[in-house]
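The file entry-v4.cif contains mmCIF, C-alpha atoms and all ligand atoms:
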```cif
data_my_file
#
loop_
_atom_site.label_atom_id
_atom_site.label_comp_id
_atom_site.auth_asym_id
_atom_site.auth_seq_id
_atom_site.Cartn_x
_atom_site.Cartn_y
_atom_site.Cartn_z
CA MET A 23 70.01 119.08 126.41
CA ASP A 24 67.94 116.15 125.16
CA LEU A 25 70.55 113.35 125.10
CA SER A 26 68.15 110.85 123.59
CA LEU A 27 67.58 113.16 120.63
CA ILE A 28 71.32 113.51 120.07
CA VAL A 29 72.01 109.78 120.35
CA ARG A 30 69.17 108.89 118.00
CA ALA A 31 70.25 111.51 115.49
CA ILE A 32 73.83 110.19 115.44
CA ILE A 33 72.69 106.57 115.16
CA LYS A 34 70.55 107.45 112.16
CA LYS A 35 73.15 109.70 110.58
CA ARG A 36 75.93 107.07 110.57
CA ARG A 37 76.54 105.75 107.06
CA SER A 38 79.02 103.45 105.43
CA THR A 39 81.04 105.68 103.14
CA SER A 40 83.29 103.85 100.72
CA PRO A 41 86.94 104.80 101.26
CA ASP A 42 87.04 105.44 97.51
CA ASN A 43 84.99 108.55 98.29
CA PHE A 44 87.36 109.87 100.95
CA ASN A 45 89.49 112.90 100.04
CA GLY A 46 92.83 111.84 101.54
CA LYS A 47 92.79 114.43 104.32
CA ALA A 48 93.85 113.37 107.81
CA VAL A 49 91.56 113.19 110.82
CA ASP A 50 92.97 114.88 113.95
CA LYS A 51 94.72 112.43 116.24
CA GLN A 52 92.73 113.75 119.20
CA ILE A 53 89.49 112.75 117.44
CA VAL A 54 90.89 109.34 116.55
CA GLN A 55 91.80 108.85 120.19
CA GLU A 56 88.22 109.67 121.20
CA ILE A 57 86.97 107.16 118.65
CA LEU A 58 89.29 104.46 120.01
CA GLU A 59 88.37 105.26 123.61
CA ALA A 60 84.69 104.71 122.76
CA ALA A 61 85.50 101.10 121.87
CA ASN A 62 86.55 100.43 125.43
CA TRP A 63 83.05 101.20 126.74
CA ALA A 64 81.25 98.44 124.91
CA PRO A 65 79.23 95.94 126.93
CA ASN A 66 81.07 92.67 127.45
CA HIS A 67 80.24 89.51 129.36
CA LYS A 68 82.52 88.46 132.25
CA LYS A 69 84.53 91.66 131.75
CA THR A 70 86.78 90.09 129.14
CA GLU A 71 87.06 93.33 127.07
CA PRO A 72 87.99 91.21 124.04
CA TRP A 73 88.46 94.00 121.45
CA ARG A 74 91.94 94.58 120.06
CA LEU A 75 92.62 97.50 117.74
CA PHE A 76 95.54 97.76 115.31
CA VAL A 77 95.73 101.31 114.04
CA TYR A 78 97.38 102.52 110.85
CA GLU A 79 98.03 106.26 110.96
CA PRO A 80 97.94 108.53 107.87
CA GLU A 81 101.53 107.96 106.79
CA LYS A 82 101.07 104.18 107.18
CA VAL A 83 97.63 103.50 105.63
CA LYS A 84 99.18 102.46 102.33
CA ASN A 85 101.16 99.79 104.19
CA PHE A 86 97.84 98.17 105.06
CA GLY A 87 96.91 97.97 101.36
CA LYS A 88 100.34 96.58 100.45
CA MET A 89 100.19 93.94 103.17
CA HIS A 90 96.61 92.94 102.30
CA ALA A 91 97.30 92.66 98.56
CA GLN A 92 100.50 90.70 99.23
CA LEU A 93 98.65 88.18 101.41
CA TYR A 94 96.08 87.76 98.64
CA LYS A 95 98.87 87.07 96.14
CA GLU A 96 100.70 84.65 98.42
CA HIS A 97 97.66 82.60 99.39
CA THR A 98 95.62 82.54 96.18
CA PRO A 99 96.20 79.77 93.66
CA GLU A 100 97.27 81.16 90.29
CA GLU A 101 94.21 79.82 88.49
CA ILE A 102 91.81 81.90 90.60
CA PHE A 103 94.04 84.93 91.22
CA LEU A 104 92.51 88.15 89.88
CA GLU A 105 94.75 91.09 89.09
CA LYS A 106 91.74 93.42 89.47
CA LYS A 107 91.11 92.19 93.01
CA TYR A 108 94.81 92.47 93.85
CA LYS A 109 94.83 96.10 92.74
CA LYS A 110 91.62 96.85 94.61
CA LEU A 111 93.10 95.55 97.86
CA LEU A 112 96.38 97.36 97.19
CA HIS A 113 94.70 100.74 96.79
CA ARG A 114 91.68 100.32 99.08
CA ALA A 115 93.08 102.50 101.85
CA ASP A 116 94.92 105.06 99.71
CA LYS A 117 92.52 107.89 100.54
CA ALA A 118 91.85 106.86 104.14
CA SER A 119 93.17 108.79 107.10
CA HIS A 120 93.30 105.82 109.44
CA VAL A 121 92.57 102.12 109.18
CA ILE A 122 91.71 100.21 112.33
CA ILE A 123 91.91 96.43 112.20
CA VAL A 124 89.52 95.09 114.80
CA GLY A 125 90.13 91.73 116.39
CA MET A 126 88.55 89.63 119.10
CA THR A 127 90.87 87.86 121.52
CA ARG A 128 89.21 84.73 122.79
CA SER A 129 89.48 84.63 126.54
CA GLU A 130 90.09 81.64 128.76
CA VAL A 131 86.97 82.32 130.82
CA ALA A 132 85.28 78.96 131.10
CA GLY A 133 81.97 78.55 129.35
CA LEU A 134 81.87 81.96 127.68
CA PRO A 135 80.50 81.31 124.19
CA GLU A 136 82.45 82.73 121.26
CA GLN A 137 79.42 84.59 119.94
CA GLU A 138 79.31 86.67 123.13
CA GLU A 139 82.86 87.85 122.56
CA ILE A 140 82.14 88.60 118.91
CA ALA A 141 79.01 90.46 119.98
CA ALA A 142 81.03 92.57 122.44
CA VAL A 143 83.57 93.50 119.77
CA SER A 144 80.76 94.37 117.35
CA CYS A 145 79.41 96.76 119.99
CA ALA A 146 82.88 98.27 120.31
CA ILE A 147 82.93 98.85 116.56
CA GLN A 148 79.52 100.52 116.60
CA ASN A 149 80.68 102.77 119.45
CA MET A 150 83.60 103.88 117.29
CA LEU A 151 81.45 104.46 114.22
CA LEU A 152 79.03 106.60 116.21
CA VAL A 153 81.76 108.80 117.70
CA ALA A 154 83.27 109.14 114.22
CA THR A 155 79.87 110.24 112.90
CA ALA A 156 79.49 112.76 115.71
CA HIS A 157 82.76 114.33 114.51
CA ASN A 158 81.79 114.27 110.82
CA VAL A 159 84.43 111.64 110.22
CA ALA A 160 83.43 109.27 107.42
CA SER A 161 83.67 105.61 108.25
CA PHE A 162 83.38 102.22 106.64
CA TRP A 163 83.36 98.73 108.17
CA GLY A 164 84.83 96.42 105.58
CA THR A 165 85.60 92.75 105.49
CA GLY A 166 86.35 90.86 102.29
CA GLY A 167 89.74 90.10 100.84
CA MET A 168 91.84 88.10 103.28
CA CYS A 169 89.96 89.24 106.40
CA TYR A 170 89.07 85.74 107.55
CA HIS A 171 92.19 83.97 106.26
CA PRO A 172 94.47 82.63 109.05
CA SER A 173 97.44 84.49 107.53
CA PHE A 174 95.69 87.81 108.11
CA LYS A 175 95.27 87.50 111.86
CA SER A 176 98.79 86.19 112.28
CA VAL A 177 100.09 89.52 110.91
CA TYR A 178 98.69 91.06 114.09
CA GLY A 179 99.95 88.33 116.38
CA MET A 180 96.47 86.98 116.91
CA GLU A 181 96.02 83.29 117.58
CA GLU A 182 93.97 80.63 115.86
CA LYS A 183 91.11 80.98 118.38
CA ASP A 184 90.96 84.74 117.87
CA VAL A 185 88.79 86.39 115.21
CA ILE A 186 89.26 89.42 112.97
CA LEU A 187 85.96 91.29 112.63
CA GLY A 188 87.02 93.66 109.91
CA PHE A 189 88.76 96.86 108.97
CA ILE A 190 87.41 100.26 109.89
CA PHE A 191 88.39 102.93 107.40
CA LEU A 192 88.22 106.48 108.72
CA GLY A 193 88.55 109.57 106.61
CA LYS A 194 87.30 112.92 105.47
CA THR A 195 85.05 113.63 102.53
CA ASP A 196 84.50 116.86 100.62
CA ASN A 197 80.89 116.86 101.67
CA ASP A 198 79.92 116.15 105.29
CA ASP A 199 76.24 115.71 104.34
CA LEU A 200 75.77 111.98 104.40
CA GLU A 201 73.13 110.42 102.20
CA GLU A 202 69.99 109.41 104.02
CA GLY A 203 70.15 105.75 105.06
CA LYS A 204 67.98 103.10 103.50
CA ARG A 205 66.37 100.08 105.15
CA HIS A 206 64.34 97.40 103.40
CA SER A 207 61.61 97.43 106.02
CA PRO A 208 60.69 99.47 109.08
CA ILE A 209 61.42 98.17 112.57
CA THR A 210 57.72 97.52 113.12
CA GLU A 211 58.02 94.60 110.70
CA LYS A 212 60.83 93.10 112.77
CA ILE A 213 59.14 93.33 116.17
CA LYS A 214 56.70 90.96 117.79
CA TRP A 215 55.39 92.38 121.04
CA MET A 216 55.10 89.51 123.51
C1 LIG B 301 80.30 92.76 109.54
C2 LIG B 301 80.15 93.73 108.42
C3 LIG B 301 80.96 93.60 107.31
C4 LIG B 301 80.84 94.48 106.24
N1 LIG B 301 81.66 94.30 105.16
C5 LIG B 301 81.49 95.09 104.07
C6 LIG B 301 82.28 94.90 102.91
O1 LIG B 301 83.19 94.06 102.89
N2 LIG B 301 82.02 95.66 101.83
C7 LIG B 301 81.04 96.61 101.84
O2 LIG B 301 80.81 97.24 100.80
N3 LIG B 301 80.31 96.86 102.94
C8 LIG B 301 80.51 96.13 104.06
N4 LIG B 301 79.77 96.37 105.19
C9 LIG B 301 78.91 97.57 105.25
C10 LIG B 301 77.50 97.30 104.80
O3 LIG B 301 77.47 97.17 103.40
C11 LIG B 301 76.59 98.48 105.24
O4 LIG B 301 76.61 98.56 106.65
C12 LIG B 301 75.15 98.29 104.77
O5 LIG B 301 75.08 98.46 103.38
C13 LIG B 301 74.18 99.29 105.41
O6 LIG B 301 74.55 100.62 105.11
P1 LIG B 301 74.87 101.68 106.26
O7 LIG B 301 76.06 101.16 107.03
O8 LIG B 301 75.18 102.96 105.55
O9 LIG B 301 73.66 101.78 107.12
C14 LIG B 301 79.87 95.52 106.28
C15 LIG B 301 79.07 95.65 107.42
C16 LIG B 301 79.21 94.78 108.48
C17 LIG B 301 78.34 94.96 109.69
#
```
Spell out the structure here as structure tokens.
Amino acid sequence: MDLSLIVRAIIKKRRSTSPDNFNGKAVDKQIVQEILEAANWAPNHKKTEPWRLFVYEPEKVKNFGKMHAQLYKEHTPEEIFLEKKYKKLLHRADKASHVIIVGMTRSEVAGLPEQEEIAAVSCAIQNMLLVATAHNVASFWGTGGMCYHPSFKSVYGMEEKDVILGFIFLGKTDNDDLEEGKRHSPITEKIKWM
């Protein structure tokens, strides 16, 4: 078995699939547990393991939309409030199987820069997306809405120094064939051999 071939194929196959294109079917809990477990194997400096995962299961995903839309309503001045945006947040997760809110808990380890903890949690997210892809589970890393508003992290008991990195939507689609990915330029244009 050529592991490198498999890993490279999964990396390239992973795509962001809008939750609007999910079909509402549930992903097996066993698979979701594998996806979550993968997060725990991300590299992290000083062994802080700063990722925190708040998981909405199929019967609860709509609660995420309700909570998110409600926060938008509560914290948006009337003159800039958009009903269309409210509705989008309200229904964003309707066809998702699971939604995972990913947070970074800032550790007390002296001198550890914040960007290193954010980097570690980003790696944890990529681990999850790759395992999802390997199981033909569609995924989407979203931010937007109230993601970075202090009220959002407090819903999850996270503190001011902590950071929410986004929401991972997981789901099934009617067609497992993901579109081929697009990049503006090849890696050769982003490398300088030293
Ligand atoms: C930190 C982060 C936040 C993102 N937030 C959003 C988002 O709010 N809305 C969205 O449409 N895509 C979001 N994306 C997904 C990107 O649009 C997507 O990764 C990019 O278009 C490349 O496509 P691919 O993931 O299929 O390779 C986000 C990606 C990252 C890494």
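Distance-wise, CA of Met126 (chain A) and CA of Ile140 (chain A) end up 6.5 Å apart.
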**OP:** Show me which residues sit within 6 Å of ligand LIG 301 (chain B) when counting all atoms listed in the file, and put them as a list in words.
**Re:** Arg37, Ser38, Trp163, Gly164, Thr165, Gly166 and Gly203 of chain A
Original post:
So, counting only C-alpha atoms, which residue among A:Pro80, A:Pro99, A:Gly133, A:Pro65 is closest to Ala118 (chain A)?
Top reply: A:Pro80
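The nearest approach to Ile123 (chain A) among the residues A:Glu101, A:Met180, A:Glu202, A:Ala154, with all atoms listed in the file taken into account, belongs to A:Met180.
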**OP:** List the neighbours of Val153 (chain A) out to 8 Å using all atoms listed in the file; skip same-chain residues closer than 2 positions along the sequence, and give me the result as a list in words.
**Re:** Glu56, Ile57, Ala60, Asn149, Met150, Leu151, Thr155, Ala156 and His157 of chain A
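Proximity of A:Ile32, A:Ala48, A:Leu152, A:Ala141 to Lys194 (chain A), computed with all atoms listed in the file, is greatest for A:Ala48.
Excluding region 107-112 of chain A itself and same-chain residues fewer than 2 positions from it, the residues having an atom within 7 Å of it are Gly87, Lys88, His90, Ala91, Tyr94, Leu104, Glu105 and Arg114 of chain A, counting only C-alpha atoms.
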